[in-house]
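Asker: Have a look at the structure that comes next, please.
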Amino acid sequence: MAKYRHDLPQMQGGLFLSDGGMETSLIFLQGLDLPQFASFVLLDSASGRSHLVDYYEKYLALAQQNRLGFVLDTATWRASPDWGATLGYSPDALRRVNRTSVDLVEALRDVWETPTTPCVINGAIGPRGDGYKAGRMGAAEAEDYHAFQVGLFAHTAADMVSAITMNSIDEALGVARAAKAARMPCVVAFTVETDGRLVGGATLQEAIETVDEKSDGYPLYFMINCAHPSHFEGALRRDAPWMKRIHGIRANASAKSHQELDESETLDAGDPADLGRRYHALMRSFPAMRILGGCCGTDHRHMAAICEACLPPMALSA
């Protein structure tokens with residue numbers, strides 16, 4: 001049974017952390033082979049699940065140490081029908097790994113949650129295609145496609161779902177509508193190019209306002225992920241009404257473009273201290289941003305730097 005689905009603690013204020021770049025950390029720091037950038041394959045073996053636990057616990061320890069809440073994502077960004085088929089997973093096998101992903105993080109919550117570190121289980125849903133290339137689905141097709149994962153999460157202990165690395169307004173809208181139909185709280189995280197726009201040219205304002213308008217404002221909030229802050233800082237507008245809908249950031253460590261990252265054979269971990277300062281500046285300018293995590297190239301060291309930059313000194317030393 002879901003613990004927080006009807007009363008999500010991050011909606012009551014306070015600062016919440018999430019993890020960093022799961023796939024890049026597992027590949028480059030733990031030396032694992034993730035075909036098609038899919039971390040869900042690790043759920044099929046005891047050793048794979050152990051690697052995921054080791055990954056999560058670094059972030060959970062950081063949240064507990066700083067008495068912050070935590071949004072605990074499942075390892076299911078690629079665990080949807082098309083990607084599953086590419087990796088040889090039948091629909092039944094996909095159902096199993098999605099459910100297993102929730103069981104794994106629910107067990108972690110049992111160990112790590114405290115009164116000052118509530119842990120929200122978040123079913124992670126990725127794009128149907130490449131997160132860096134514009135999709136061609138209409139909203140109705142996207143709703144039908146993503147209803148598979150949303151429906152599965154609705155029958156588990158997941159408290160919410162998030163559409164992560166969305167680069168298409170229609171696909172984001174489809175996830176929001178699927179979540180609404182399943183009565184699952186949902187969040188949409190858009191990714192942008194170096195010009196601060198979605199790959200098809202839409203602005204963040206257009207994306208957020210369109211999804212809100214056509215879903216009757218169903219997403220709990222929006223986030224920005226899989227882009228360096230230098231790519232989107234200039235696209236944000238102080239005091240604009242749509243900015244109040246952006247509650248979180250999961251930025252890349254690297255300032256490289258998506259194409260450059262795709263072509264890179266090594267990990268660009270960027271500058272954790274600089275990333276922390278950029279998060280601090282964003283939080284000062286846009287107080288609604290209070291859910292902080294990372295994306296490609298980030299790990300627990302980046303999140304520690306973000307905590308150091310963003311938390312009051314008393315909170316860090318107490």
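Numbering starts fresh at 1 for the residues of each chain in the structure tokens, the chains themselves are lettered A, B, ... in the order given, and ligands are numbered from 1 as they appear.
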What are the DSSP alpha helix (DSSP H) residues of range 76-110 of chain A, as a list in words?
Answerer: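 Residues of range 76-110 of chain A classed as alpha helix (DSSP H): Pro81, Asp82, Trp83, Gly84, Ala85, Thr86, Pro91, Asp92, Ala93, Leu94, Arg95, Arg96, Val97, Asn98, Arg99, Thr100, Ser101, Val102, Asp103, Leu104, Val105, Glu106, Ala107, Leu108, Arg109 and Asp110 of chain A.
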Asker: Just the strand (DSSP E) stuff from range 74-271 of chain A, please, per backbone DSSP, written as number ranges by chain.
Answerer: A: 119-125, 160-166, 186-190, 221-225, 246-251
Asker: With N, CA and C atoms retained, could you export that selection as a compact mmCIF listing (two decimals), in the first residue's frame?
Answerer:
```
# COMPACT_ATOMS: atom_id res chain seq x y z
N CYS A 119 10.72 9.58 2.97
CA CYS A 119 11.17 9.07 1.67
C CYS A 119 9.95 8.76 0.79
N VAL A 120 9.83 9.48 -0.30
CA VAL A 120 8.71 9.34 -1.21
C VAL A 120 9.11 8.42 -2.35
N ILE A 121 8.34 7.37 -2.59
CA ILE A 121 8.66 6.43 -3.67
C ILE A 121 8.08 6.97 -4.98
N ASN A 122 8.97 7.16 -5.94
CA ASN A 122 8.62 7.80 -7.21
C ASN A 122 8.87 6.83 -8.37
N GLY A 123 7.81 6.47 -9.07
CA GLY A 123 7.94 5.62 -10.24
C GLY A 123 8.48 6.43 -11.41
N ALA A 124 9.70 6.13 -11.84
CA ALA A 124 10.36 6.90 -12.89
C ALA A 124 9.96 6.39 -14.27
N ILE A 125 9.51 7.31 -15.11
CA ILE A 125 9.08 6.98 -16.47
C ILE A 125 9.87 7.84 -17.45
N MET A 160 3.95 8.18 -6.26
CA MET A 160 3.78 9.10 -7.37
C MET A 160 4.54 8.56 -8.57
N VAL A 161 4.37 9.21 -9.71
CA VAL A 161 5.18 8.90 -10.89
C VAL A 161 5.76 10.20 -11.43
N SER A 162 6.89 10.09 -12.12
CA SER A 162 7.50 11.26 -12.76
C SER A 162 7.88 10.91 -14.19
N ALA A 163 7.51 11.80 -15.11
CA ALA A 163 7.96 11.71 -16.49
C ALA A 163 9.26 12.48 -16.59
N ILE A 164 10.37 11.76 -16.78
CA ILE A 164 11.70 12.35 -16.68
C ILE A 164 12.35 12.43 -18.06
N THR A 165 13.04 13.55 -18.29
CA THR A 165 13.73 13.81 -19.56
C THR A 165 12.73 13.89 -20.71
N MET A 166 11.68 14.63 -20.50
CA MET A 166 10.68 14.85 -21.54
C MET A 166 11.14 15.98 -22.47
N CYS A 186 1.50 13.00 -10.27
CA CYS A 186 2.58 12.96 -11.25
C CYS A 186 3.32 14.28 -11.33
N VAL A 187 4.56 14.17 -11.81
CA VAL A 187 5.46 15.30 -12.03
C VAL A 187 6.01 15.17 -13.44
N VAL A 188 6.26 16.28 -14.09
CA VAL A 188 6.87 16.28 -15.42
C VAL A 188 8.19 17.04 -15.35
N ALA A 189 9.26 16.40 -15.81
CA ALA A 189 10.57 17.03 -15.88
C ALA A 189 10.97 17.18 -17.34
N PHE A 190 11.12 18.42 -17.79
CA PHE A 190 11.52 18.69 -19.16
C PHE A 190 13.03 18.82 -19.27
N TYR A 221 3.77 19.40 -10.04
CA TYR A 221 4.74 20.45 -10.34
C TYR A 221 5.59 19.98 -11.51
N PHE A 222 6.47 20.87 -11.95
CA PHE A 222 7.38 20.56 -13.04
C PHE A 222 8.81 20.65 -12.54
N MET A 223 9.72 20.01 -13.28
CA MET A 223 11.14 20.09 -12.99
C MET A 223 11.90 20.29 -14.30
N ILE A 224 13.18 20.61 -14.16
CA ILE A 224 14.09 20.66 -15.30
C ILE A 224 15.18 19.63 -15.04
N ASN A 225 15.45 18.78 -16.04
CA ASN A 225 16.49 17.79 -15.82
C ASN A 225 17.29 17.56 -17.10
N ILE A 246 7.62 25.39 -11.38
CA ILE A 246 8.87 24.62 -11.40
C ILE A 246 9.38 24.49 -9.97
N HIS A 247 9.36 23.28 -9.45
CA HIS A 247 9.74 23.04 -8.06
C HIS A 247 11.05 22.29 -7.92
N GLY A 248 11.67 21.87 -9.01
CA GLY A 248 12.88 21.07 -8.83
C GLY A 248 13.83 21.14 -10.00
N ILE A 249 15.08 20.75 -9.71
CA ILE A 249 16.17 20.73 -10.69
C ILE A 249 16.91 19.41 -10.56
N ARG A 250 17.17 18.78 -11.71
CA ARG A 250 18.08 17.63 -11.74
C ARG A 250 19.02 17.88 -12.92
N ALA A 251 20.04 18.66 -12.67
CA ALA A 251 20.91 19.14 -13.74
C ALA A 251 22.03 18.16 -14.05
```
Asker: Name the residues in contact with Cys296 in chain A at a cut-off of 8 Å, using only C-alpha atoms, excluding same-chain residues fewer than 2 positions from it; report them as a list of chain:residue names.
Answerer: A:Gly20, A:Gly21, A:Met22, A:Glu23, A:Thr24, A:Cys226, A:Ala251, A:Asn252, A:Ala253, A:Ser254, A:Gly294, A:Thr298
Asker: Show me, as a VMD selection string, the residues that have an atom within 9 Å of range 86-95 of chain A when counting only C-alpha atoms, minus same-chain residues fewer than 2 positions from it.
Answerer: chain A and resid 35 to 36 38 41 79 to 84 97 to 100 148 to 149 152
Asker: Go ahead and write the selection's residues with C-alpha atoms as a short mmCIF file (atom, residue, chain, number, x, y, z; two decimals), in the first residue's frame.
Answerer:
```cif
data_model
loop_
_atom_site.label_atom_id
_atom_site.label_comp_id
_atom_site.auth_asym_id
_atom_site.auth_seq_id
_atom_site.Cartn_x
_atom_site.Cartn_y
_atom_site.Cartn_z
CA PRO A 35 22.60 -2.13 -22.48
CA GLN A 36 20.61 0.71 -24.05
CA ALA A 38 18.83 0.68 -19.05
CA VAL A 41 18.20 -4.90 -16.15
CA ALA A 79 11.35 -0.05 -18.39
CA SER A 80 8.63 0.71 -20.92
CA PRO A 81 7.30 -1.50 -23.76
CA ASP A 82 9.48 -0.38 -26.69
CA TRP A 83 12.74 -0.34 -24.75
CA GLY A 84 11.82 -3.59 -23.04
CA VAL A 97 10.85 -5.63 -13.10
CA ASN A 98 8.71 -2.55 -12.59
CA ARG A 99 7.14 -4.13 -9.52
CA THR A 100 10.53 -5.36 -8.29
CA PHE A 148 1.41 0.62 -19.17
CA GLN A 149 3.92 1.83 -16.59
CA LEU A 152 1.61 -0.81 -12.94
#
```
Asker: Within 12 Å of Gly201 in chain A, counting only C-alpha atoms, which residues qualify if same-chain residues fewer than 2 places away don't, as an NGL selection string?
Answerer: :A and (133-134 or 167-169 or 191-199 or 203-207)
Asker: Rank nothing, just name the residue among A:Phe28, A:Gly200, A:Leu34, A:Leu68 nearest to Leu311 in chain A, using only C-alpha atoms.
Answerer: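 Looking at the shortest contact to Leu311 in chain A, the residue is A:Leu68.
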Asker: What is the CA of Ala147 in chain A to CA of Met1 in chain A distance in Å?
Answerer: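 A separation of 19.8 Å between them.
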Asker: Point out the residue among A:Thr210, A:Ser50, A:Thr117, A:Ser101 with the least atom-to-atom distance to Gln10 in chain A, counting only C-alpha atoms.
Answerer: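 Ranked by minimum distance to Gln10 in chain A, first place goes to A:Thr117.
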Asker: Show which residues sit within 7 Å of range 137-145 of chain A, as number ranges by chain. Count only C-alpha atoms, and ignore same-chain residues fewer than 5 positions away.
Answerer: A: 170-171, 173-175, 177-178
Asker: I need the residue nearest Ile306 in chain A from this list: A:Leu104, A:Phe16, A:Val150, A:Val211. Use only C-alpha atoms for the distance.
Answerer: A:Phe16
Asker: Distance CA of Ala179 in chain A-CA of Asp212 in chain A, one decimal place?
Answerer: 13.4 Å
